Structure formats: C-alpha cells, structure tokens
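Report on the following structure.
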Amino acid sequence: MTEALATLSRAYRMRVYPTRDQARLLAQLVGASRHVWNWSLAKRTSAYRERGERLNWVSLSREFTEYRRDPERPWLATLPREPFNQVLRDQERAFANFFAKRAAYPRFERRGGRASMRFTFDQRRQQVRDTGGRWATVDLPSLGSLKLRRTEALNGRLRSITLSRDSAGRWHGAITADGISRPAIHVPELDAVGLDAGLRDLLVIADGHGTRRVPAPKALASKQARLRRYQRQQSRQIAAQMRAQGLDPTKPCPKGVRLGSSNRRRKTQQQIGRLHAQVADLRRDALHQASAAVVREAQVIGIEDLAVKAMSRGMGRKAFRRSVADAALGELRRQLTYKAGWRGRTLVAVNRFYPSSKTCGACGAIHAALKLKERRWACPACGTEHDRDENAARNLRTEALRLIAASSPATPRSGESDARGEAAAAVGRTGPAGLSTSANREPTVAGSGAKADRRQRQSRPRKTRTDRVAVGSG
Ligand SMILES: [Zn+2]
C-alpha cells in the first residue's frame, strides 16, 4: 500500500483574529493580490491574442520580480512576496484548465470579488503553534503572529494557509494538511437476513432492523395474471369436455379415461406454455437483482428449503399457487447458492417442515390451524398480530442464526460436504412446469463467514468452491 492510500489530506478551517494593524495589512494584501492577478492576466491575454504565445508561470514570475521593483509602485515592494507567487500559480492552473477545456477563460477580478490569499508554509520551521486552550498562532511574513481559534487538533504536515474575508468582514483561515494517518475504519458487521419468496411479493426480507417487501415487477405480475386467466379457461374447457363425455367435472378425471381435445383447448395449452416461459424469464431477471442486493448486504442468509412432498399433492388451485411460489424459491435458491459462494456468505436452507409461517415470531408458539389464505393473523398464545410473510421471513432469519450457532463452522468435512453442495444445487433446478424436482433433504450451510470472504477475494479464479458444513435438521 502506498503512503497516499494510507494517509489522508484535509483542510482545517478556523476563525482568524487579526489585530488592527494586521487587518489593515491583510486588506492591502487582498487588493494587491487582485492587482497582480489582473496584471498577469493582461500579460497572458495580450501574448496569446497578439502572438499566439502561451506564457507560463516561470516567465511571468521572473517578469513580476521586475514589476515589483518598479519605483512607481512602492507599496507593492513592501508587501510579502509569497501570496503573489500563489496568485501566479493559481492563474497557471486556471489556464491549464481552460486549455484542457475544463473551464472558461480566466476573468479579471473586481473590487469586492474574491478576498483571499494563500501562504505556503516553510517545512523547515514551525509556523503554527499552540498557545494553550483552543488558541494557536500562525507566523506569516510581514504579518507576524496571527491569532487562530482552533476547533480541533491539527494533525499531519501543515502545508499552507488560505486567509479569506467573508462578507461580514470576518477572517478565516483554511490550513491544508497531508500525511494524516487514516483513522481505524469501522467495518460494520454484516447482517443476517431471512427471505420469504412468494407470489404476491417477489421477496420479503427480514434483517436486524425489520422487514421489507421487494415487489414483483409489474410486467411479471401482469403476465402471471394472464397465466392464471388461461389456467381458469383451461379448467373450464376440461370441465366442458368431461360433461360432454358424461363425467362429473367436480371429481377428478378417472384413470384410464382419455378426454377428447379441441382446437380451442390446444390453443389455450400453447398460450399457457408460452406464458410459463415468459414468467420464468421475468422472474429470473427480477430475482437476479434482488439476490445480488441481498448477498451484498448480508453475511448470513436464511431461506426456506424446498421439499418435494408438498409437490406430490394434487394440482388444485392451491397447489398451482404453491408451485409458482416454489419455482420462485427454487430459482432464488439457485442464484443465492453461487452468489453466496462468490462472496463467502453463508446460505442456510431451513427445512421446509420448520413451520416458519405458523410460528409466532414473538413468543414461539406454533399456530397449527393457520390457513394459507390468512395473510394476517393474531397469535392465539400472546395476541401479537402478524403479517404472514413478514413473520415467516423473520422466523427464517432467527432459525438460520440458530442453526449456525448449533453447528461448528470451523470443521468443514470436505468429501461429504461436496456431495451436499451438489445436492443443494439440485434443489434449485426446476422442471418445465415450474415444479421442483428434488427429494427432501437436510438444511445445509454454504460458505464459512468473513474469513472465507477474504480468502475468496484473494484467490479470485476459484469461483464457486466454498466450504459447506452440514448442520442438524430441525
Ligand atoms: Zn405469540
């Protein structure tokens, strides 16, 4: 690391209290600085206009030496030279910016304009001294010792002071300093989050401060609405066909019976297939944004694991909704698995049979009778009112932290854990109809904390290799 990166430069601004004589001299210096700026600007302008010549600081400085000695301007010779050197340097920079097309052509200064001057400090002697309490002095040529009122300790190498007068006639000094050692940077501990993927919202995220919803993008919501419409249309068409074949449409179609098809039904089926693909694309894109943000800000990510048992039930309306939610969860899980690996985050898949929705986040009581359609509920044990998704996300966060505490993260068992890692990745794969294809498995913990994060960054090419630790199932 170079010194420039290890240290800071800054300016300390403070009030300056000149004596009456010093104030008079400062006012004189302000006027003289303006005079020198305008003299130099006139020289540069005519040289450029008349001869196409660009004067530089060195030649102007030499010329200024002559100009200052001119007996026609005795007042200039009595004033300290240093602020005028600064004026000439400032103008040099102003022209450099103009020629680089970063700034407009430098302008002549008028009385009442800028009222400031700069003195660079001689590094061989100490010009700024503490005089007790908040007071300090700065020794400047011709001005002598100027009184300053510090607001803080001055650190580093002091390079220059710019004295300026505000519209109220008060003087301030800005002391620039470099080589200030950087203060120890406080790196905030990354948070743990719990994620609930759903239908209504893309994600509900619970962190240490509360919960927030990441809504599904509008395009996704409207495609999903259209998909549901076609699904309803299809079930009406199936019911009509069953009635036509003398079957009861309120009961499932008996095995071995082939339902006749129609052009309209085939068309509906094609539409449903197309919409499924579009919904999956939109959801994947939206989840990529959300998962990237989650992995950036959280060290521990708790997420519901997928279980196939829930899938093997019939494909009713509820089951359809569930399959959509599971497809989202599966995709989220897939993305988080590799993104967490890149960043060394810990992904904890909480067993689906952990009742994240039905557990009261306040008292821990399990409300077994909670129905899926109940989006808000009050805990029968403690009376706390819950939003279903927010409560679930909070519980997933708590459970993930509990599982990590219960496991010993310092002992990665590589052979076994690799197999688990692949199995975990398989959980994320989803079938064409948006159904997950995987067996129920124990929760797994991927990555091993901040140390892994640092290791990962140092050895970038090894992309997805993370230590996986199995933890006991809940
Ligand atoms: Zn409760």
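A note on labels: chains of the structure tokens are A, B, ... as shown, every chain counts residues from 1, and ligands are counted from 1 in their shown order.
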
Open item on the list: Distance limit 9 Å, reference ligand 1, atoms considered: only C-alpha atoms and all ligand atoms. Which residues make the cut? Give them as a list in words.
Closed with: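 Residues satisfying the distance criterion: Thr359, Cys360, Gly361, Ala362, Cys363, Gly364, Ala365, Ile366, His367, Ala378, Cys379, Pro380, Ala381, Cys382, Gly383, Thr384 and Glu385 of chain A.
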
Open item on the list: What does the structure give for the distance between CA of His288 (chain A) and CA of Leu332 (chain A), in Å to one decimal?
Closed with: 7.9 Å

Open item on the list: Taking only region 111-266 of chain A into account, list the residues labelled helix (DSSP H, G or I) by DSSP (computed from the backbone), as a VMD selection string.
Closed with: chain A and resid 218 to 244 263 to 266

Task: Ala174 (chain A) surroundings by only C-alpha atoms, 8 Å radius, close-in-sequence under 5 positions cut, as a ChimeraX atom specification - done: /A:11-14,161-163

Task: Polymer residues at most 8 Å from Ala94 (chain A), only C-alpha atoms, same-chain spacing of 6 or more positions, as a list in words - done: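 After dropping sequence-adjacent residues, the list is Ala103, Tyr105 and Pro106 of chain A.
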
Dump as a compact mmCIF listing (two decimals), in the first residue's frame, selection limited to N, CA and C atoms:
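Full text of out00.txt as output:
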```txt
# COMPACT_ATOMS: atom_id res chain seq x y z
N ALA A 103 -12.53 24.46 -18.15
CA ALA A 103 -13.01 25.69 -17.53
C ALA A 103 -13.05 26.81 -18.57
N TYR A 105 -12.43 30.81 -19.91
CA TYR A 105 -11.25 31.68 -19.89
C TYR A 105 -11.22 32.46 -18.57
N PRO A 106 -10.06 32.51 -17.91
CA PRO A 106 -10.00 33.21 -16.61
C PRO A 106 -10.42 34.68 -16.75
```

How close does each residue of region 237-301 of chain A get to region 195-218 of chain A, giving the shortest atom pair and distance in Å to one decimal for every residue with an atom at most 9 Å away, counting only C-alpha atoms, sorted by chain and residue number, as a Markdown table?
```
| residue | atom | partner | partner_atom | distance |
| --- | --- | --- | --- | --- |
| A:Leu282 | CA | A:Pro217 | CA | 8.2 |
| A:Arg283 | CA | A:Ala216 | CA | 7.9 |
| A:Ala286 | CA | A:Pro217 | CA | 7.0 |
| A:Leu287 | CA | A:Leu202 | CA | 7.5 |
| A:Ala290 | CA | A:Val214 | CA | 7.7 |
| A:Val294 | CA | A:Ile205 | CA | 8.6 |
| A:Ala298 | CA | A:Asp207 | CA | 8.4 |
| A:Ile301 | CA | A:Leu195 | CA | 7.4 |
```

Using all heavy atoms, can you write the selected residues to a file as a PDB file, in the first residue's frame?
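The resulting again_28.pdb:
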```pdb
ATOM      1  N   LEU A 282     -38.923 -13.433 -16.684  1.00  0.00           N
ATOM      2  CA  LEU A 282     -39.075 -12.178 -15.938  1.00  0.00           C
ATOM      3  C   LEU A 282     -38.708 -12.365 -14.470  1.00  0.00           C
ATOM      4  O   LEU A 282     -38.065 -11.515 -13.870  1.00  0.00           O
ATOM      5  CB  LEU A 282     -40.520 -11.678 -16.044  1.00  0.00           C
ATOM      6  CG  LEU A 282     -40.909 -11.046 -17.382  1.00  0.00           C
ATOM      7  CD1 LEU A 282     -42.402 -10.894 -17.488  1.00  0.00           C
ATOM      8  CD2 LEU A 282     -40.218  -9.692 -17.535  1.00  0.00           C
ATOM      9  N   ARG A 283     -39.143 -13.509 -13.935  1.00  0.00           N
ATOM     10  CA  ARG A 283     -38.876 -13.743 -12.525  1.00  0.00           C
ATOM     11  C   ARG A 283     -37.383 -13.939 -12.275  1.00  0.00           C
ATOM     12  O   ARG A 283     -36.830 -13.440 -11.313  1.00  0.00           O
ATOM     13  CB  ARG A 283     -39.661 -14.953 -12.031  1.00  0.00           C
ATOM     14  CG  ARG A 283     -39.547 -15.131 -10.528  1.00  0.00           C
ATOM     15  CD  ARG A 283     -40.512 -16.173 -10.028  1.00  0.00           C
ATOM     16  NE  ARG A 283     -40.478 -17.326 -10.901  1.00  0.00           N
ATOM     17  CZ  ARG A 283     -41.561 -17.985 -11.296  1.00  0.00           C
ATOM     18  NH1 ARG A 283     -42.740 -17.621 -10.910  1.00  0.00           N
ATOM     19  NH2 ARG A 283     -41.437 -19.021 -12.081  1.00  0.00           N
ATOM     20  N   ALA A 286     -35.699 -10.531 -12.298  1.00  0.00           N
ATOM     21  CA  ALA A 286     -36.011  -9.774 -11.084  1.00  0.00           C
ATOM     22  C   ALA A 286     -35.283 -10.370  -9.884  1.00  0.00           C
ATOM     23  O   ALA A 286     -34.766  -9.642  -9.027  1.00  0.00           O
ATOM     24  CB  ALA A 286     -37.515  -9.768 -10.844  1.00  0.00           C
ATOM     25  N   LEU A 287     -35.230 -11.698  -9.840  1.00  0.00           N
ATOM     26  CA  LEU A 287     -34.560 -12.346  -8.711  1.00  0.00           C
ATOM     27  C   LEU A 287     -33.048 -12.112  -8.747  1.00  0.00           C
ATOM     28  O   LEU A 287     -32.408 -12.031  -7.706  1.00  0.00           O
ATOM     29  CB  LEU A 287     -34.857 -13.849  -8.704  1.00  0.00           C
ATOM     30  CG  LEU A 287     -36.244 -14.231  -8.189  1.00  0.00           C
ATOM     31  CD1 LEU A 287     -36.508 -15.714  -8.422  1.00  0.00           C
ATOM     32  CD2 LEU A 287     -36.382 -13.917  -6.707  1.00  0.00           C
ATOM     33  N   ALA A 290     -32.526  -8.879  -7.048  1.00  0.00           N
ATOM     34  CA  ALA A 290     -32.793  -8.985  -5.616  1.00  0.00           C
ATOM     35  C   ALA A 290     -31.715  -9.808  -4.919  1.00  0.00           C
ATOM     36  O   ALA A 290     -31.219  -9.423  -3.861  1.00  0.00           O
ATOM     37  CB  ALA A 290     -34.170  -9.601  -5.388  1.00  0.00           C
ATOM     38  N   VAL A 294     -29.129  -8.770  -1.874  1.00  0.00           N
ATOM     39  CA  VAL A 294     -29.133  -9.499  -0.607  1.00  0.00           C
ATOM     40  C   VAL A 294     -27.722  -9.970  -0.258  1.00  0.00           C
ATOM     41  O   VAL A 294     -27.241  -9.805   0.863  1.00  0.00           O
ATOM     42  CB  VAL A 294     -30.098 -10.704  -0.682  1.00  0.00           C
ATOM     43  CG1 VAL A 294     -29.824 -11.706   0.430  1.00  0.00           C
ATOM     44  CG2 VAL A 294     -31.537 -10.226  -0.616  1.00  0.00           C
ATOM     45  N   ALA A 298     -25.746  -8.916   3.237  1.00  0.00           N
ATOM     46  CA  ALA A 298     -25.913  -9.845   4.349  1.00  0.00           C
ATOM     47  C   ALA A 298     -24.817 -10.890   4.372  1.00  0.00           C
ATOM     48  O   ALA A 298     -24.335 -11.329   3.339  1.00  0.00           O
ATOM     49  CB  ALA A 298     -27.279 -10.527   4.265  1.00  0.00           C
ATOM     50  N   ILE A 301     -27.670 -15.757   5.227  1.00  0.00           N
ATOM     51  CA  ILE A 301     -28.936 -15.682   4.508  1.00  0.00           C
ATOM     52  C   ILE A 301     -29.746 -16.937   4.812  1.00  0.00           C
ATOM     53  O   ILE A 301     -29.325 -18.047   4.499  1.00  0.00           O
ATOM     54  CB  ILE A 301     -28.695 -15.555   2.990  1.00  0.00           C
ATOM     55  CG1 ILE A 301     -27.850 -14.310   2.691  1.00  0.00           C
ATOM     56  CG2 ILE A 301     -30.022 -15.487   2.244  1.00  0.00           C
ATOM     57  CD1 ILE A 301     -27.015 -14.431   1.437  1.00  0.00           C
TER      58      ILE A 301
END
```

Open item on the list: For a test of reading the model, state the distance in Å between CA of Arg333 (chain A) and CA of Gln224 (chain A), rounded to one decimal.
Closed with: 20.7 Å

- [ ] Using only C-alpha atoms, determine which residues lie at most 10 Å from region 20-26 of chain A, disregarding the query and same-chain residues fewer than 2 positions distant; provide the list as a list in words.
- [x]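 After dropping sequence-adjacent residues, the list is Tyr17, Pro18, Gln28, Leu29, Val30, Gly31, Ala32, Leu79, Ala115, Ser116, Met117, Ser142, Leu143, Gly144, Ser145, Leu146, Leu163, Ser164, Arg165, Gly169, Arg170 and Trp171 of chain A.
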
Export, as a compact mmCIF listing (two decimals), in the first residue's frame, the selected residues with N, CA, C and O atoms.
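Once everything was written out, this is selection32.txt:
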```txt
# COMPACT_ATOMS: atom_id res chain seq x y z
N TYR A 17 -8.22 35.91 14.15
CA TYR A 17 -8.46 37.18 14.81
C TYR A 17 -7.25 38.09 14.62
O TYR A 17 -6.34 38.11 15.46
N PRO A 18 -7.22 38.88 13.53
CA PRO A 18 -6.06 39.76 13.32
C PRO A 18 -6.16 40.98 14.24
O PRO A 18 -7.25 41.39 14.62
N GLN A 28 -4.79 45.25 2.53
CA GLN A 28 -3.85 45.70 1.50
C GLN A 28 -3.43 44.53 0.61
O GLN A 28 -3.35 44.65 -0.61
N LEU A 29 -3.17 43.38 1.25
CA LEU A 29 -2.74 42.19 0.51
C LEU A 29 -3.83 41.69 -0.44
O LEU A 29 -3.55 41.24 -1.55
N VAL A 30 -5.08 41.79 0.04
CA VAL A 30 -6.20 41.38 -0.82
C VAL A 30 -6.23 42.22 -2.09
O VAL A 30 -6.31 41.71 -3.21
N GLY A 31 -6.11 43.55 -1.90
CA GLY A 31 -6.12 44.46 -3.05
C GLY A 31 -4.94 44.22 -3.98
O GLY A 31 -5.09 44.15 -5.20
N ALA A 32 -3.76 43.98 -3.38
CA ALA A 32 -2.56 43.77 -4.18
C ALA A 32 -2.64 42.44 -4.94
O ALA A 32 -2.19 42.35 -6.09
N LEU A 79 5.15 44.73 0.48
CA LEU A 79 4.31 43.58 0.85
C LEU A 79 5.07 42.26 0.66
O LEU A 79 5.94 42.17 -0.20
N ALA A 115 -11.74 37.65 -1.91
CA ALA A 115 -10.88 38.31 -0.93
C ALA A 115 -10.12 37.24 -0.17
O ALA A 115 -10.47 36.90 0.95
N SER A 116 -9.13 36.68 -0.84
CA SER A 116 -8.36 35.65 -0.14
C SER A 116 -6.94 35.62 -0.64
O SER A 116 -6.62 36.14 -1.72
N MET A 117 -6.07 35.06 0.17
CA MET A 117 -4.69 34.88 -0.25
C MET A 117 -4.13 33.67 0.45
O MET A 117 -4.61 33.28 1.51
N SER A 142 5.76 39.48 7.16
CA SER A 142 5.20 40.83 7.28
C SER A 142 4.05 40.93 8.27
O SER A 142 3.88 41.94 8.93
N LEU A 143 3.22 39.87 8.35
CA LEU A 143 2.05 39.94 9.23
C LEU A 143 2.41 39.63 10.67
O LEU A 143 1.73 40.06 11.59
N GLY A 144 3.47 38.86 10.85
CA GLY A 144 3.83 38.46 12.21
C GLY A 144 2.95 37.31 12.67
O GLY A 144 2.52 36.48 11.89
N SER A 145 2.64 37.33 13.96
CA SER A 145 1.92 36.23 14.56
C SER A 145 0.41 36.49 14.56
O SER A 145 -0.07 37.38 15.24
N LEU A 146 -0.32 35.71 13.78
CA LEU A 146 -1.79 35.85 13.68
C LEU A 146 -2.46 34.88 14.65
O LEU A 146 -2.06 33.73 14.75
N LEU A 163 -6.07 32.62 3.73
CA LEU A 163 -6.80 33.57 4.57
C LEU A 163 -7.87 34.21 3.71
O LEU A 163 -7.60 34.65 2.58
N SER A 164 -9.08 34.26 4.22
CA SER A 164 -10.15 34.88 3.43
C SER A 164 -11.05 35.71 4.33
O SER A 164 -11.20 35.44 5.53
N ARG A 165 -11.66 36.72 3.71
CA ARG A 165 -12.54 37.61 4.44
C ARG A 165 -13.95 37.38 3.94
O ARG A 165 -14.19 37.35 2.72
N GLY A 169 -16.90 40.75 6.96
CA GLY A 169 -15.62 41.31 7.35
C GLY A 169 -14.81 40.43 8.29
O GLY A 169 -13.78 40.83 8.81
N ARG A 170 -15.29 39.20 8.54
CA ARG A 170 -14.55 38.30 9.42
C ARG A 170 -13.50 37.54 8.61
O ARG A 170 -13.70 37.23 7.45
N TRP A 171 -12.40 37.24 9.27
CA TRP A 171 -11.33 36.50 8.61
C TRP A 171 -11.32 35.04 9.04
O TRP A 171 -11.54 34.73 10.21
```

TODO: Quote the spacing between CA of Gly344 (chain A) and CA of Ser291 (chain A) in Å to one decimal place.
DONE: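 Going from CA of Gly344 (chain A) over to CA of Ser291 (chain A) covers 14.2 Å.
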
TODO: Tell me which of A:Glu304, A:Glu152, A:Glu297, A:Glu109 sits closest to Asp130 (chain A), counting only C-alpha atoms.
DONE: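 The closest residue to Asp130 (chain A) is A:Glu152.
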
Open item on the list: With DSSP run on the backbone, what are the strand (DSSP E) residues within region 201-289 of chain A? I'd like them as a list of chain:residue names.
Closed with: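 Assigned to strand (DSSP E), within region 201-289 of chain A: A:Asp201, A:Leu202, A:Leu203, A:Val204, A:Ile205, A:Ala206, A:Thr211, A:Arg212, A:Arg213, A:Val214, A:Pro215.
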
If we count only C-alpha atoms, what is near Ala136 (chain A) at a cut-off of 7 Å, once residues fewer than 4 positions away on the same chain are taken out, given as a PDB file with N, CA, C and O atoms, in the first residue's frame?
```pdb
ATOM      1  N   VAL A 128       3.021  27.235  12.772  1.00  0.00           N
ATOM      2  CA  VAL A 128       1.784  27.173  13.552  1.00  0.00           C
ATOM      3  C   VAL A 128       2.132  26.639  14.934  1.00  0.00           C
ATOM      4  O   VAL A 128       2.805  25.619  15.070  1.00  0.00           O
ATOM      5  N   ARG A 129       1.687  27.359  15.946  1.00  0.00           N
ATOM      6  CA  ARG A 129       1.995  26.950  17.324  1.00  0.00           C
ATOM      7  C   ARG A 129       0.742  26.999  18.175  1.00  0.00           C
ATOM      8  O   ARG A 129      -0.056  27.928  18.073  1.00  0.00           O
ATOM      9  N   ASP A 130       0.606  25.993  19.040  1.00  0.00           N
ATOM     10  CA  ASP A 130      -0.468  26.022  20.034  1.00  0.00           C
ATOM     11  C   ASP A 130      -0.091  26.993  21.135  1.00  0.00           C
ATOM     12  O   ASP A 130       1.053  27.020  21.560  1.00  0.00           O
ATOM     13  N   THR A 131      -1.060  27.790  21.568  1.00  0.00           N
ATOM     14  CA  THR A 131      -0.752  28.729  22.645  1.00  0.00           C
ATOM     15  C   THR A 131      -1.654  28.489  23.846  1.00  0.00           C
ATOM     16  O   THR A 131      -1.941  29.396  24.621  1.00  0.00           O
ATOM     17  N   LYS A 147      -3.493  35.365  15.306  1.00  0.00           N
ATOM     18  CA  LYS A 147      -4.189  34.528  16.278  1.00  0.00           C
ATOM     19  C   LYS A 147      -5.273  33.690  15.607  1.00  0.00           C
ATOM     20  O   LYS A 147      -6.068  34.196  14.804  1.00  0.00           O
ATOM     21  N   LEU A 148      -5.318  32.400  15.946  1.00  0.00           N
ATOM     22  CA  LEU A 148      -6.326  31.472  15.386  1.00  0.00           C
ATOM     23  C   LEU A 148      -7.103  30.840  16.507  1.00  0.00           C
ATOM     24  O   LEU A 148      -6.561  30.603  17.570  1.00  0.00           O
ATOM     25  N   ARG A 149      -8.333  30.536  16.252  1.00  0.00           N
ATOM     26  CA  ARG A 149      -9.094  29.761  17.220  1.00  0.00           C
ATOM     27  C   ARG A 149      -9.373  28.390  16.621  1.00  0.00           C
ATOM     28  O   ARG A 149     -10.144  28.257  15.670  1.00  0.00           O
ATOM     29  N   ARG A 150      -8.708  27.370  17.190  1.00  0.00           N
ATOM     30  CA  ARG A 150      -8.850  26.009  16.675  1.00  0.00           C
ATOM     31  C   ARG A 150     -10.187  25.423  17.078  1.00  0.00           C
ATOM     32  O   ARG A 150     -10.707  25.717  18.146  1.00  0.00           O
TER      33      ARG A 150
END
```
